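Have a look at start.pdb; it's PDB, C-alpha atoms and all ligand atoms:
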ATOM      1  CA  MET A  23     100.014  72.872 205.431
ATOM      2  CA  ASP A  24     102.976  71.952 207.653
ATOM      3  CA  THR A  25     102.327  72.245 211.361
ATOM      4  CA  GLU A  26     105.016  73.591 213.664
ATOM      5  CA  ILE A  27     105.752  70.034 214.849
ATOM      6  CA  ASN A  28     106.167  68.833 211.264
ATOM      7  CA  ILE A  29     108.567  71.643 210.469
ATOM      8  CA  ARG A  30     110.638  70.750 213.527
ATOM      9  CA  GLU A  31     110.639  67.060 212.693
ATOM     10  CA  LYS A  32     111.783  67.842 209.163
ATOM     11  CA  ALA A  33     114.541  70.063 210.564
ATOM     12  CA  LEU A  34     115.672  67.265 212.832
ATOM     13  CA  GLU A  35     115.685  64.796 209.932
ATOM     14  CA  THR A  36     117.758  67.202 207.833
ATOM     15  CA  LEU A  37     120.226  67.564 210.655
ATOM     16  CA  LYS A  38     120.498  63.807 211.171
ATOM     17  CA  LYS A  39     121.043  63.281 207.446
ATOM     18  CA  ILE A  40     123.843  65.844 207.345
ATOM     19  CA  ILE A  41     125.488  64.240 210.378
ATOM     20  CA  ALA A  42     125.179  60.766 208.837
ATOM     21  CA  ASN A  43     126.877  62.126 205.690
ATOM     22  CA  GLY A  44     129.917  63.203 207.703
ATOM     23  CA  GLY A  45     129.013  66.882 207.731
ATOM     24  CA  PRO A  46     127.569  69.470 205.369
ATOM     25  CA  THR A  47     128.739  70.055 201.838
ATOM     26  CA  GLU A  48     128.417  73.603 200.583
ATOM     27  CA  SER A  49     124.981  72.841 199.124
ATOM     28  CA  ASP A  50     123.760  71.804 202.614
ATOM     29  CA  TYR A  51     124.812  74.998 204.385
ATOM     30  CA  GLN A  52     121.497  76.796 203.989
ATOM     31  CA  ASP A  53     119.461  73.750 205.062
ATOM     32  CA  LEU A  54     121.685  73.267 208.075
ATOM     33  CA  GLU A  55     121.325  76.901 209.172
ATOM     34  CA  PHE A  56     117.576  76.724 208.696
ATOM     35  CA  SER A  57     117.276  73.456 210.620
ATOM     36  CA  LEU A  58     119.338  74.708 213.552
ATOM     37  CA  GLY A  59     117.356  77.940 213.657
ATOM     38  CA  THR A  60     114.075  76.024 213.597
ATOM     39  CA  LEU A  61     115.095  73.604 216.339
ATOM     40  CA  ALA A  62     116.359  76.312 218.633
ATOM     41  CA  MET A  63     113.347  78.571 218.132
ATOM     42  CA  ASP A  64     111.826  77.924 221.536
ATOM     43  CA  GLY A  65     115.158  77.406 223.254
ATOM     44  CA  GLN A  66     115.166  75.031 226.184
ATOM     45  CA  GLN A  67     111.350  75.008 226.414
ATOM     46  CA  SER A  68     110.969  72.889 223.322
ATOM     47  CA  SER A  69     110.591  69.193 224.076
ATOM     48  CA  LEU A  70     112.124  68.433 220.691
ATOM     49  CA  VAL A  71     115.237  70.341 221.616
ATOM     50  CA  THR A  72     115.576  68.748 225.041
ATOM     51  CA  GLN A  73     114.530  65.222 224.108
ATOM     52  CA  GLN A  74     115.774  64.904 220.574
ATOM     53  CA  PHE A  75     118.510  67.446 220.026
ATOM     54  CA  ALA A  76     120.724  66.223 222.886
ATOM     55  CA  PRO A  77     121.010  62.689 221.421
ATOM     56  CA  VAL A  78     121.748  64.235 218.025
ATOM     57  CA  ILE A  79     124.670  66.103 219.560
ATOM     58  CA  SER A  80     125.813  62.915 221.317
ATOM     59  CA  SER A  81     125.846  61.159 217.962
ATOM     60  CA  CYS A  82     128.342  63.664 216.536
ATOM     61  CA  ASP A  83     131.707  61.951 217.031
ATOM     62  CA  PHE A  84     133.547  65.015 215.810
ATOM     63  CA  LEU A  85     132.269  67.027 218.788
ATOM     64  CA  PHE A  86     134.132  64.777 221.203
ATOM     65  CA  ASP A  87     137.446  64.718 219.361
ATOM     66  CA  LYS A  88     139.771  67.700 219.726
ATOM     67  CA  CYS A  89     141.082  67.012 216.221
ATOM     68  CA  SER A  90     137.949  68.651 214.825
ATOM     69  CA  LEU A  91     137.547  72.385 215.229
ATOM     70  CA  MET A  92     134.241  72.223 217.107
ATOM     71  CA  GLY A  93     135.502  69.199 219.067
ATOM     72  CA  HIS A  94     138.480  71.217 220.269
ATOM     73  CA  ILE A  95     136.162  74.056 221.237
ATOM     74  CA  ARG A  96     133.782  71.723 223.066
ATOM     75  CA  THR A  97     136.339  69.507 224.848
ATOM     76  CA  LYS A  98     138.617  72.417 225.899
ATOM     77  CA  PRO A  99     141.907  70.443 225.959
ATOM     78  CA  TYR A 100     143.725  73.239 227.807
ATOM     79  CA  GLY A 101     140.945  73.481 230.397
ATOM     80  CA  TYR A 102     139.418  76.746 229.208
ATOM     81  CA  ALA A 103     137.578  78.107 226.181
ATOM     82  CA  GLY A 104     139.327  80.151 223.506
ATOM     83  CA  ASP A 105     142.852  78.786 223.900
ATOM     84  CA  PHE A 106     145.800  79.795 221.681
ATOM     85  CA  GLU A 107     145.568  76.612 219.594
ATOM     86  CA  ILE A 108     141.964  77.057 218.496
ATOM     87  CA  ILE A 109     142.566  80.718 217.631
ATOM     88  CA  GLU A 110     145.605  79.688 215.592
ATOM     89  CA  ARG A 111     143.585  77.000 213.785
ATOM     90  CA  ILE A 112     140.977  79.612 212.912
ATOM     91  CA  TYR A 113     143.634  82.103 211.751
ATOM     92  CA  GLN A 114     145.440  79.502 209.646
ATOM     93  CA  LYS A 115     142.290  77.627 208.520
ATOM     94  CA  ARG A 116     143.999  74.452 209.716
ATOM     95  CA  ILE A 117     142.209  71.119 209.185
ATOM     96  CA  LEU A 118     143.855  68.293 211.164
ATOM     97  CA  LYS A 119     141.866  65.204 210.223
ATOM     98  CA  GLU A 120     140.373  64.274 206.848
ATOM     99  CA  ASP A 121     137.379  62.608 208.570
ATOM    100  CA  TYR A 122     136.280  66.013 209.834
ATOM    101  CA  ARG A 123     137.006  68.034 206.703
ATOM    102  CA  ARG A 124     133.330  68.806 205.976
ATOM    103  CA  TRP A 125     132.551  69.982 209.512
ATOM    104  CA  ASP A 126     135.804  71.919 209.788
ATOM    105  CA  THR A 127     135.333  73.593 206.421
ATOM    106  CA  TYR A 128     131.847  74.641 207.470
ATOM    107  CA  SER A 129     133.061  75.829 210.898
ATOM    108  CA  LEU A 130     135.923  77.831 209.388
ATOM    109  CA  LYS A 131     133.536  79.502 206.947
ATOM    110  CA  HIS A 132     131.132  80.527 209.698
ATOM    111  CA  PRO A 133     130.885  84.320 210.125
ATOM    112  CA  ALA A 134     132.334  84.195 213.658
ATOM    113  CA  ALA A 135     135.469  82.421 212.396
ATOM    114  CA  GLN A 136     135.811  85.056 209.677
ATOM    115  CA  ALA A 137     135.311  87.720 212.368
ATOM    116  CA  VAL A 138     138.229  86.268 214.361
ATOM    117  CA  ARG A 139     140.406  86.498 211.243
ATOM    118  CA  ASN A 140     139.145  90.049 210.696
ATOM    119  CA  ARG A 141     140.148  90.890 214.254
ATOM    120  CA  LYS A 142     143.759  90.200 213.262
ATOM    121  CA  LYS A 143     143.330  92.489 210.277
ATOM    122  CA  TYR A 144     141.837  95.184 212.532
ATOM    123  CA  PHE A 145     144.846  94.943 214.879
ATOM    124  CA  LYS A 146     147.293  95.221 211.987
ATOM    125  CA  THR A 147     145.523  98.249 210.507
ATOM    126  CA  LEU A 148     145.383  99.916 213.926
ATOM    127  CA  LEU A 149     149.115  99.425 214.449
ATOM    128  CA  ARG A 150     149.935 100.516 210.893
ATOM    129  CA  ASN A 151     148.032 103.793 211.366
ATOM    130  CA  LYS A 152     149.639 104.431 214.743
ATOM    131  CA  LEU A 153     153.163 103.622 213.554
ATOM    132  CA  THR A 154     152.756 105.954 210.588
ATOM    133  CA  GLN A 155     152.106 108.780 213.064
ATOM    134  CA  ASN A 156     154.567 107.625 215.716
ATOM    135  CA  PRO A 157     157.339 105.356 214.359
ATOM    136  CA  SER A 158     158.591 104.444 217.828
ATOM    137  CA  MET A 159     155.858 102.831 219.914
ATOM    138  CA  THR A 160     155.264 100.657 222.938
ATOM    139  CA  LEU A 161     152.472  98.098 223.067
ATOM    140  CA  LEU A 162     150.965  96.174 225.959
ATOM    141  CA  ASN A 163     149.220  93.120 224.492
ATOM    142  CA  ILE A 164     146.931  91.516 227.062
ATOM    143  CA  ALA A 165     146.057  87.821 226.519
ATOM    144  CA  SER A 166     148.360  87.446 223.534
ATOM    145  CA  GLY A 167     147.405  83.824 222.714
ATOM    146  CA  PRO A 168     149.272  82.466 219.670
ATOM    147  CA  ALA A 169     150.649  85.968 218.842
ATOM    148  CA  ARG A 170     150.036  85.374 215.128
ATOM    149  CA  ASP A 171     148.593  88.908 214.920
ATOM    150  CA  LEU A 172     151.726  90.298 216.560
ATOM    151  CA  LEU A 173     154.049  88.404 214.214
ATOM    152  CA  GLU A 174     152.261  89.884 211.198
ATOM    153  CA  VAL A 175     152.534  93.396 212.658
ATOM    154  CA  TYR A 176     156.299  92.920 213.060
ATOM    155  CA  GLN A 177     156.607  91.504 209.539
ATOM    156  CA  ASP A 178     154.933  94.690 208.236
ATOM    157  CA  LEU A 179     157.234  97.101 210.081
ATOM    158  CA  GLN A 180     158.898  99.650 207.831
ATOM    159  CA  TYR A 181     162.499 100.740 207.951
ATOM    160  CA  LYS A 182     163.078 102.966 211.005
ATOM    161  CA  GLU A 183     159.858 101.898 212.731
ATOM    162  CA  ARG A 184     160.327 100.509 216.219
ATOM    163  CA  LEU A 185     157.775  98.588 218.232
ATOM    164  CA  GLU A 186     158.498  97.294 221.735
ATOM    165  CA  THR A 187     155.850  94.861 222.973
ATOM    166  CA  THR A 188     155.025  93.349 226.341
ATOM    167  CA  CYS A 189     152.568  90.444 226.287
ATOM    168  CA  ILE A 190     150.631  89.340 229.359
ATOM    169  CA  GLU A 191     149.401  85.778 229.067
ATOM    170  CA  MET A 192     148.196  83.362 231.731
ATOM    171  CA  ASP A 193     148.777  80.100 229.810
ATOM    172  CA  ALA A 194     152.406  78.912 229.716
ATOM    173  CA  ASN A 195     151.565  76.726 226.678
ATOM    174  CA  ALA A 196     150.426  79.815 224.796
ATOM    175  CA  ILE A 197     153.637  81.633 225.711
ATOM    176  CA  ALA A 198     155.797  78.715 224.531
ATOM    177  CA  TYR A 199     153.898  78.618 221.233
ATOM    178  CA  ALA A 200     153.881  82.390 220.754
ATOM    179  CA  THR A 201     157.591  82.643 221.565
ATOM    180  CA  ALA A 202     158.309  80.250 218.685
ATOM    181  CA  VAL A 203     155.893  82.068 216.342
ATOM    182  CA  THR A 204     157.497  85.459 216.994
ATOM    183  CA  ALA A 205     161.091  84.153 217.231
ATOM    184  CA  PRO A 206     162.517  86.447 214.487
ATOM    185  CA  PHE A 207     161.501  89.466 216.582
ATOM    186  CA  THR A 208     162.358  88.136 220.014
ATOM    187  CA  ALA A 209     164.553  91.157 220.865
ATOM    188  CA  HIS A 210     161.473  93.384 220.781
ATOM    189  CA  ILE A 211     158.865  91.181 222.473
ATOM    190  CA  THR A 212     158.645  90.238 226.156
ATOM    191  CA  PHE A 213     156.196  87.631 227.425
ATOM    192  CA  ILE A 214     155.026  87.813 231.019
ATOM    193  CA  HIS A 215     153.340  84.687 232.370
ATOM    194  CA  LYS A 216     150.600  86.149 234.518
ATOM    195  CA  ASN A 217     146.900  86.437 235.079
ATOM    196  CA  VAL A 218     146.174  90.009 233.984
ATOM    197  CA  PHE A 219     144.246  90.631 237.195
ATOM    198  CA  ARG A 220     147.479  90.133 239.135
ATOM    199  CA  PHE A 221     149.662  92.129 236.758
ATOM    200  CA  GLN A 222     151.134  95.449 237.933
ATOM    201  CA  ALA A 223     152.676  97.559 235.183
ATOM    202  CA  THR A 224     155.905  99.335 236.047
ATOM    203  CA  THR A 225     155.757 101.620 233.023
ATOM    204  CA  THR A 226     153.136 103.071 230.667
ATOM    205  CA  TYR A 227     152.456 102.227 227.008
ATOM    206  CA  ASP A 228     151.280 103.977 223.833
ATOM    207  CA  LEU A 229     148.704 101.267 223.218
ATOM    208  CA  VAL A 230     147.025  98.740 225.491
ATOM    209  CA  TRP A 231     145.306  96.129 223.323
ATOM    210  CA  SER A 232     143.209  93.136 224.284
ATOM    211  CA  ALA A 233     141.061  90.943 222.027
ATOM    212  CA  GLY A 234     139.404  87.627 222.806
ATOM    213  CA  LEU A 235     139.464  88.230 226.548
ATOM    214  CA  PHE A 236     136.768  90.613 227.773
ATOM    215  CA  ASP A 237     134.036  88.416 226.218
ATOM    216  CA  TYR A 238     134.724  85.969 229.057
ATOM    217  CA  PHE A 239     134.224  88.542 231.829
ATOM    218  CA  ASP A 240     131.136  89.783 233.623
ATOM    219  CA  ASP A 241     130.594  93.525 233.813
ATOM    220  CA  LYS A 242     132.239  93.875 237.204
ATOM    221  CA  ALA A 243     135.501  92.305 236.027
ATOM    222  CA  PHE A 244     135.283  94.269 232.759
ATOM    223  CA  ILE A 245     135.120  97.595 234.613
ATOM    224  CA  LEU A 246     137.816  96.650 237.103
ATOM    225  CA  LEU A 247     140.236  95.723 234.338
ATOM    226  CA  LEU A 248     139.411  98.741 232.214
ATOM    227  CA  LYS A 249     140.219 101.001 235.168
ATOM    228  CA  LYS A 250     143.589  99.269 235.529
ATOM    229  CA  PHE A 251     144.252  99.656 231.802
ATOM    230  CA  GLY A 252     143.681 103.410 232.237
ATOM    231  CA  THR A 253     146.708 103.586 234.544
ATOM    232  CA  TRP A 254     148.921 101.687 232.070
ATOM    233  CA  VAL A 255     148.536 104.101 229.129
ATOM    234  CA  LYS A 256     150.741 107.098 228.340
ATOM    235  CA  PRO A 257     149.087 110.491 227.907
ATOM    236  CA  GLY A 258     148.078 110.632 224.229
ATOM    237  CA  GLY A 259     147.869 106.827 224.134
ATOM    238  CA  GLU A 260     144.918 104.516 223.645
ATOM    239  CA  ILE A 261     143.157 101.462 225.037
ATOM    240  CA  VAL A 262     141.465  99.107 222.556
ATOM    241  CA  VAL A 263     139.373  96.185 223.773
ATOM    242  CA  GLY A 264     137.532  93.663 221.565
ATOM    243  CA  ASN A 265     134.170  92.102 222.410
ATOM    244  CA  PHE A 266     131.612  90.009 220.503
ATOM    245  CA  ASN A 267     128.544  91.960 219.405
ATOM    246  CA  ASP A 268     125.246  91.187 221.115
ATOM    247  CA  ASP A 269     123.328  92.821 218.237
ATOM    248  CA  HIS A 270     124.849  90.654 215.541
ATOM    249  CA  ASN A 271     126.382  87.203 215.590
ATOM    250  CA  PRO A 272     124.834  84.782 213.074
ATOM    251  CA  SER A 273     127.176  82.074 214.400
ATOM    252  CA  ARG A 274     126.050  82.296 218.009
ATOM    253  CA  LEU A 275     123.638  79.374 217.846
ATOM    254  CA  PHE A 276     126.188  77.090 216.195
ATOM    255  CA  MET A 277     128.903  78.142 218.661
ATOM    256  CA  GLU A 278     126.646  77.551 221.659
ATOM    257  CA  LEU A 279     124.810  74.373 220.571
ATOM    258  CA  PHE A 280     127.753  72.549 218.999
ATOM    259  CA  GLY A 281     130.752  74.040 220.769
ATOM    260  CA  GLU A 282     129.239  74.971 224.119
ATOM    261  CA  TRP A 283     131.174  78.186 223.524
ATOM    262  CA  HIS A 284     129.331  80.821 225.502
ATOM    263  CA  LEU A 285     130.649  84.349 225.272
ATOM    264  CA  ASN A 286     129.480  87.478 226.999
ATOM    265  CA  HIS A 287     128.201  89.328 223.951
ATOM    266  CA  ARG A 288     127.793  93.112 224.347
ATOM    267  CA  THR A 289     126.218  95.873 222.305
ATOM    268  CA  GLU A 290     128.002  99.056 221.271
ATOM    269  CA  GLN A 291     125.998 100.900 223.926
ATOM    270  CA  ASN A 292     126.938  98.303 226.610
ATOM    271  CA  LEU A 293     130.609  98.923 225.845
ATOM    272  CA  ILE A 294     130.205 102.702 226.029
ATOM    273  CA  ASN A 295     128.338 102.401 229.347
ATOM    274  CA  LEU A 296     131.033 100.140 230.816
ATOM    275  CA  ALA A 297     133.740 102.620 229.794
ATOM    276  CA  LEU A 298     131.736 105.437 231.411
ATOM    277  CA  GLU A 299     131.337 103.347 234.561
ATOM    278  CA  ALA A 300     135.099 102.791 234.578
ATOM    279  CA  GLY A 301     135.493 106.562 234.838
ATOM    280  CA  PHE A 302     136.242 107.559 231.250
ATOM    281  CA  HIS A 303     134.451 110.437 229.504
ATOM    282  CA  HIS A 304     132.172 110.382 226.483
ATOM    283  CA  ASN A 305     134.646 112.366 224.388
ATOM    284  CA  GLN A 306     137.358 109.710 224.950
ATOM    285  CA  ILE A 307     135.219 106.789 223.782
ATOM    286  CA  THR A 308     134.472 105.378 220.323
ATOM    287  CA  VAL A 309     133.474 101.906 219.113
ATOM    288  CA  GLY A 310     134.842 100.325 215.935
ATOM    289  CA  ARG A 311     133.917  97.048 214.227
ATOM    290  CA  GLU A 312     135.351  94.630 211.678
ATOM    291  CA  SER A 313     133.575  93.942 208.420
ATOM    292  CA  GLU A 314     131.489  90.994 209.702
ATOM    293  CA  GLN A 315     130.191  93.352 212.470
ATOM    294  CA  ILE A 316     130.630  90.502 214.957
ATOM    295  CA  ASN A 317     133.642  91.878 216.796
ATOM    296  CA  LEU A 318     133.258  95.326 218.309
ATOM    297  CA  PHE A 319     136.274  97.323 219.485
ATOM    298  CA  LEU A 320     135.998  99.760 222.355
ATOM    299  CA  HIS A 321     138.529 102.586 221.863
ATOM    300  CA  ILE A 322     139.434 104.897 224.725
ATOM    301  CA  LYS A 323     141.839 107.779 224.113
ATOM    302  CA  ILE A 324     143.850 108.917 227.108
TER     303      ILE A 324
HETATM  304  C1  LIG B 401     140.912  83.910 222.551
HETATM  305  S1  LIG B 401     142.623  83.986 222.937
HETATM  306  C2  LIG B 401     143.004  85.541 222.230
HETATM  307  C3  LIG B 401     144.409  85.609 221.714
HETATM  308  C4  LIG B 401     144.794  86.895 220.999
HETATM  309  N1  LIG B 401     144.470  88.084 221.732
HETATM  310  C5  LIG B 401     144.154  86.940 219.636
HETATM  311  O1  LIG B 401     143.171  87.668 219.461
HETATM  312  O2  LIG B 401     144.679  86.290 218.730
HETATM  313  C6  LIG B 401     142.530  84.308 224.649
HETATM  314  C7  LIG B 401     143.845  84.196 225.422
HETATM  315  O3  LIG B 401     143.632  84.832 226.683
HETATM  316  C8  LIG B 401     144.388  84.181 227.665
HETATM  317  N2  LIG B 401     143.794  84.546 228.954
HETATM  318  C9  LIG B 401     142.558  84.231 229.403
HETATM  319  N3  LIG B 401     142.340  84.772 230.618
HETATM  320  C10 LIG B 401     143.470  85.461 230.946
HETATM  321  C11 LIG B 401     143.862  86.225 232.066
HETATM  322  N4  LIG B 401     143.037  86.402 233.097
HETATM  323  N5  LIG B 401     145.081  86.802 232.070
HETATM  324  C12 LIG B 401     145.938  86.621 231.023
HETATM  325  N6  LIG B 401     145.615  85.902 229.923
HETATM  326  C13 LIG B 401     144.402  85.334 229.887
HETATM  327  C14 LIG B 401     144.251  82.727 227.276
HETATM  328  O4  LIG B 401     145.262  81.943 227.851
HETATM  329  C15 LIG B 401     144.297  82.787 225.752
HETATM  330  O5  LIG B 401     145.609  82.600 225.284
END
If you took the structure in this file and wrote it as structure tokens, what would it be?
Amino acid sequence: MDTEINIREKALETLKKIIANGGPTESDYQDLEFSLGTLAMDGQQSSLVTQQFAPVISSCDFLFDKCSLMGHIRTKPYGYAGDFEIIERIYQKRILKEDYRRWDTYSLKHPAAQAVRNRKKYFKTLLRNKLTQNPSMTLLNIASGPARDLLEVYQDLQYKERLETTCIEMDANAIAYATAVTAPFTAHITFIHKNVFRFQATTTYDLVWSAGLFDYFDDKAFILLLKKFGTWVKPGGEIVVGNFNDDHNPSRLFMELFGEWHLNHRTEQNLINLALEAGFHHNQITVGRESEQINLFLHIKI
């Protein structure tokens, strides 16, 4: 019978073999998941993880080259995690370098990457439903990133529907990129280069939307910002905030071990409690989710 040590050593060997082969093929996916799960079982306590896993990571060239998906995530070329370029690569399933095709294909198929793409779908469906009820809307899009989601909303607009959008984004590179992406609709989209914590709205909006942002905040910042959002919404309007799900993210280990991408995951109940702490009432709050169940969406009706 295999001892625990043997199982771990086998897992490590499997991992090394996959790395030596230039990444997993589809037939390796299950073995890779199993090996990672086995090696991480005891977290930092395990001597195998600390002594042997770190050199394995160091041997992965792709993790130190921003041309690979996980390399971009790990090396943070814009100085912060979750920049517009990586989100766009996930949306567009973009592979930049043939050498990394196996790793990138695997990374792009991971449930969390699918969940990011589903987040775009969720946004589009939300806007479609709202525009059907109210064909003339205003949107405040906080942390707009590449604005691919916004472009697709505009492309889906029906005759006589009007959507005026203000985007708040702290990265000038993201704004330059997003301005080009949304160029056909420039008359209806304004980008404001600002840290959202310093932003003061001078008007109110039908929808305040933010995805891919609150996962980076602690609870204190989350509540502070949610309170501010409450003052930026018209009566009858809505706030919608995305957050990764603490109860379900099969990609978390891969994201954290390979990408050093650490997000503040939250449960549905955490999100409800934070909204209550921000001063909203139970009857205003609901939580939605995309089909992977990895991204939760806190909805607050005003
Ligand atoms: C993960 S991307 C999300 C982009 C977009 N919401 C999406 O889902 O496609 C996060 C974006 O938030 C921006 N960001 C991060 N912190 C911010 C802050 N405090 N104020 C404004 N933007 C911020 C980043 O520059 C980045 O473009």
field: Near-Gln315 in chain A list (10 Å; only C-alpha atoms; drop same-chain fewer than 3 positions) as number ranges by chain
entry: A: 133-134, 137, 140, 266-267, 269-271, 310-312, 318
- request: Please identify the residues whose atoms come within 7 Å of ligand LIG 401 (chain B), using only C-alpha atoms and all ligand atoms, and report them as a PyMOL selection string.
  value: chain A and resi 104-106+109+141-142+164-171+190-193+196+216-219+232-235
Output file for the residues above (C-alpha atoms, as a PDB file, keeping the file's coordinate frame):
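And here's part-v5.pdb as it stands now:
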ATOM      1  CA  GLY A 104     139.327  80.151 223.506  1.00  0.00           C
ATOM      2  CA  ASP A 105     142.852  78.786 223.900  1.00  0.00           C
ATOM      3  CA  PHE A 106     145.800  79.795 221.681  1.00  0.00           C
ATOM      4  CA  ILE A 109     142.566  80.718 217.631  1.00  0.00           C
ATOM      5  CA  ARG A 141     140.148  90.890 214.254  1.00  0.00           C
ATOM      6  CA  LYS A 142     143.759  90.200 213.262  1.00  0.00           C
ATOM      7  CA  ILE A 164     146.931  91.516 227.062  1.00  0.00           C
ATOM      8  CA  ALA A 165     146.057  87.821 226.519  1.00  0.00           C
ATOM      9  CA  SER A 166     148.360  87.446 223.534  1.00  0.00           C
ATOM     10  CA  GLY A 167     147.405  83.824 222.714  1.00  0.00           C
ATOM     11  CA  PRO A 168     149.272  82.466 219.670  1.00  0.00           C
ATOM     12  CA  ALA A 169     150.649  85.968 218.842  1.00  0.00           C
ATOM     13  CA  ARG A 170     150.036  85.374 215.128  1.00  0.00           C
ATOM     14  CA  ASP A 171     148.593  88.908 214.920  1.00  0.00           C
ATOM     15  CA  ILE A 190     150.631  89.340 229.359  1.00  0.00           C
ATOM     16  CA  GLU A 191     149.401  85.778 229.067  1.00  0.00           C
ATOM     17  CA  MET A 192     148.196  83.362 231.731  1.00  0.00           C
ATOM     18  CA  ASP A 193     148.777  80.100 229.810  1.00  0.00           C
ATOM     19  CA  ALA A 196     150.426  79.815 224.796  1.00  0.00           C
ATOM     20  CA  LYS A 216     150.600  86.149 234.518  1.00  0.00           C
ATOM     21  CA  ASN A 217     146.900  86.437 235.079  1.00  0.00           C
ATOM     22  CA  VAL A 218     146.174  90.009 233.984  1.00  0.00           C
ATOM     23  CA  PHE A 219     144.246  90.631 237.195  1.00  0.00           C
ATOM     24  CA  SER A 232     143.209  93.136 224.284  1.00  0.00           C
ATOM     25  CA  ALA A 233     141.061  90.943 222.027  1.00  0.00           C
ATOM     26  CA  GLY A 234     139.404  87.627 222.806  1.00  0.00           C
ATOM     27  CA  LEU A 235     139.464  88.230 226.548  1.00  0.00           C
TER      28      LEU A 235
END
Counting all atoms listed in the file, the option among A:Thr204, A:Asn286, A:Asn43, A:Thr212 closest to Gln177 in chain A: A:Thr204
message: Using the chain letters and numbers from this file, what does the PyMOL selection byres (((chain A and resi 179-186) around 6) and not hetatm) select? Give the answer as a list of chain:residue names.
response: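 Selected by the PyMOL selection byres (((chain A and resi 179-186) around 6) and not hetatm) in this file: A:Pro157, A:Ser158, A:Met159, A:Thr160, A:Tyr176, A:Gln177, A:Asp178, A:Thr187, A:His210.
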- prompt: What is the CA of Tyr199 in chain A to CA of Phe213 in chain A distance in Å?
  reply: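 That distance, rounded to one decimal, is 11.2 Å.
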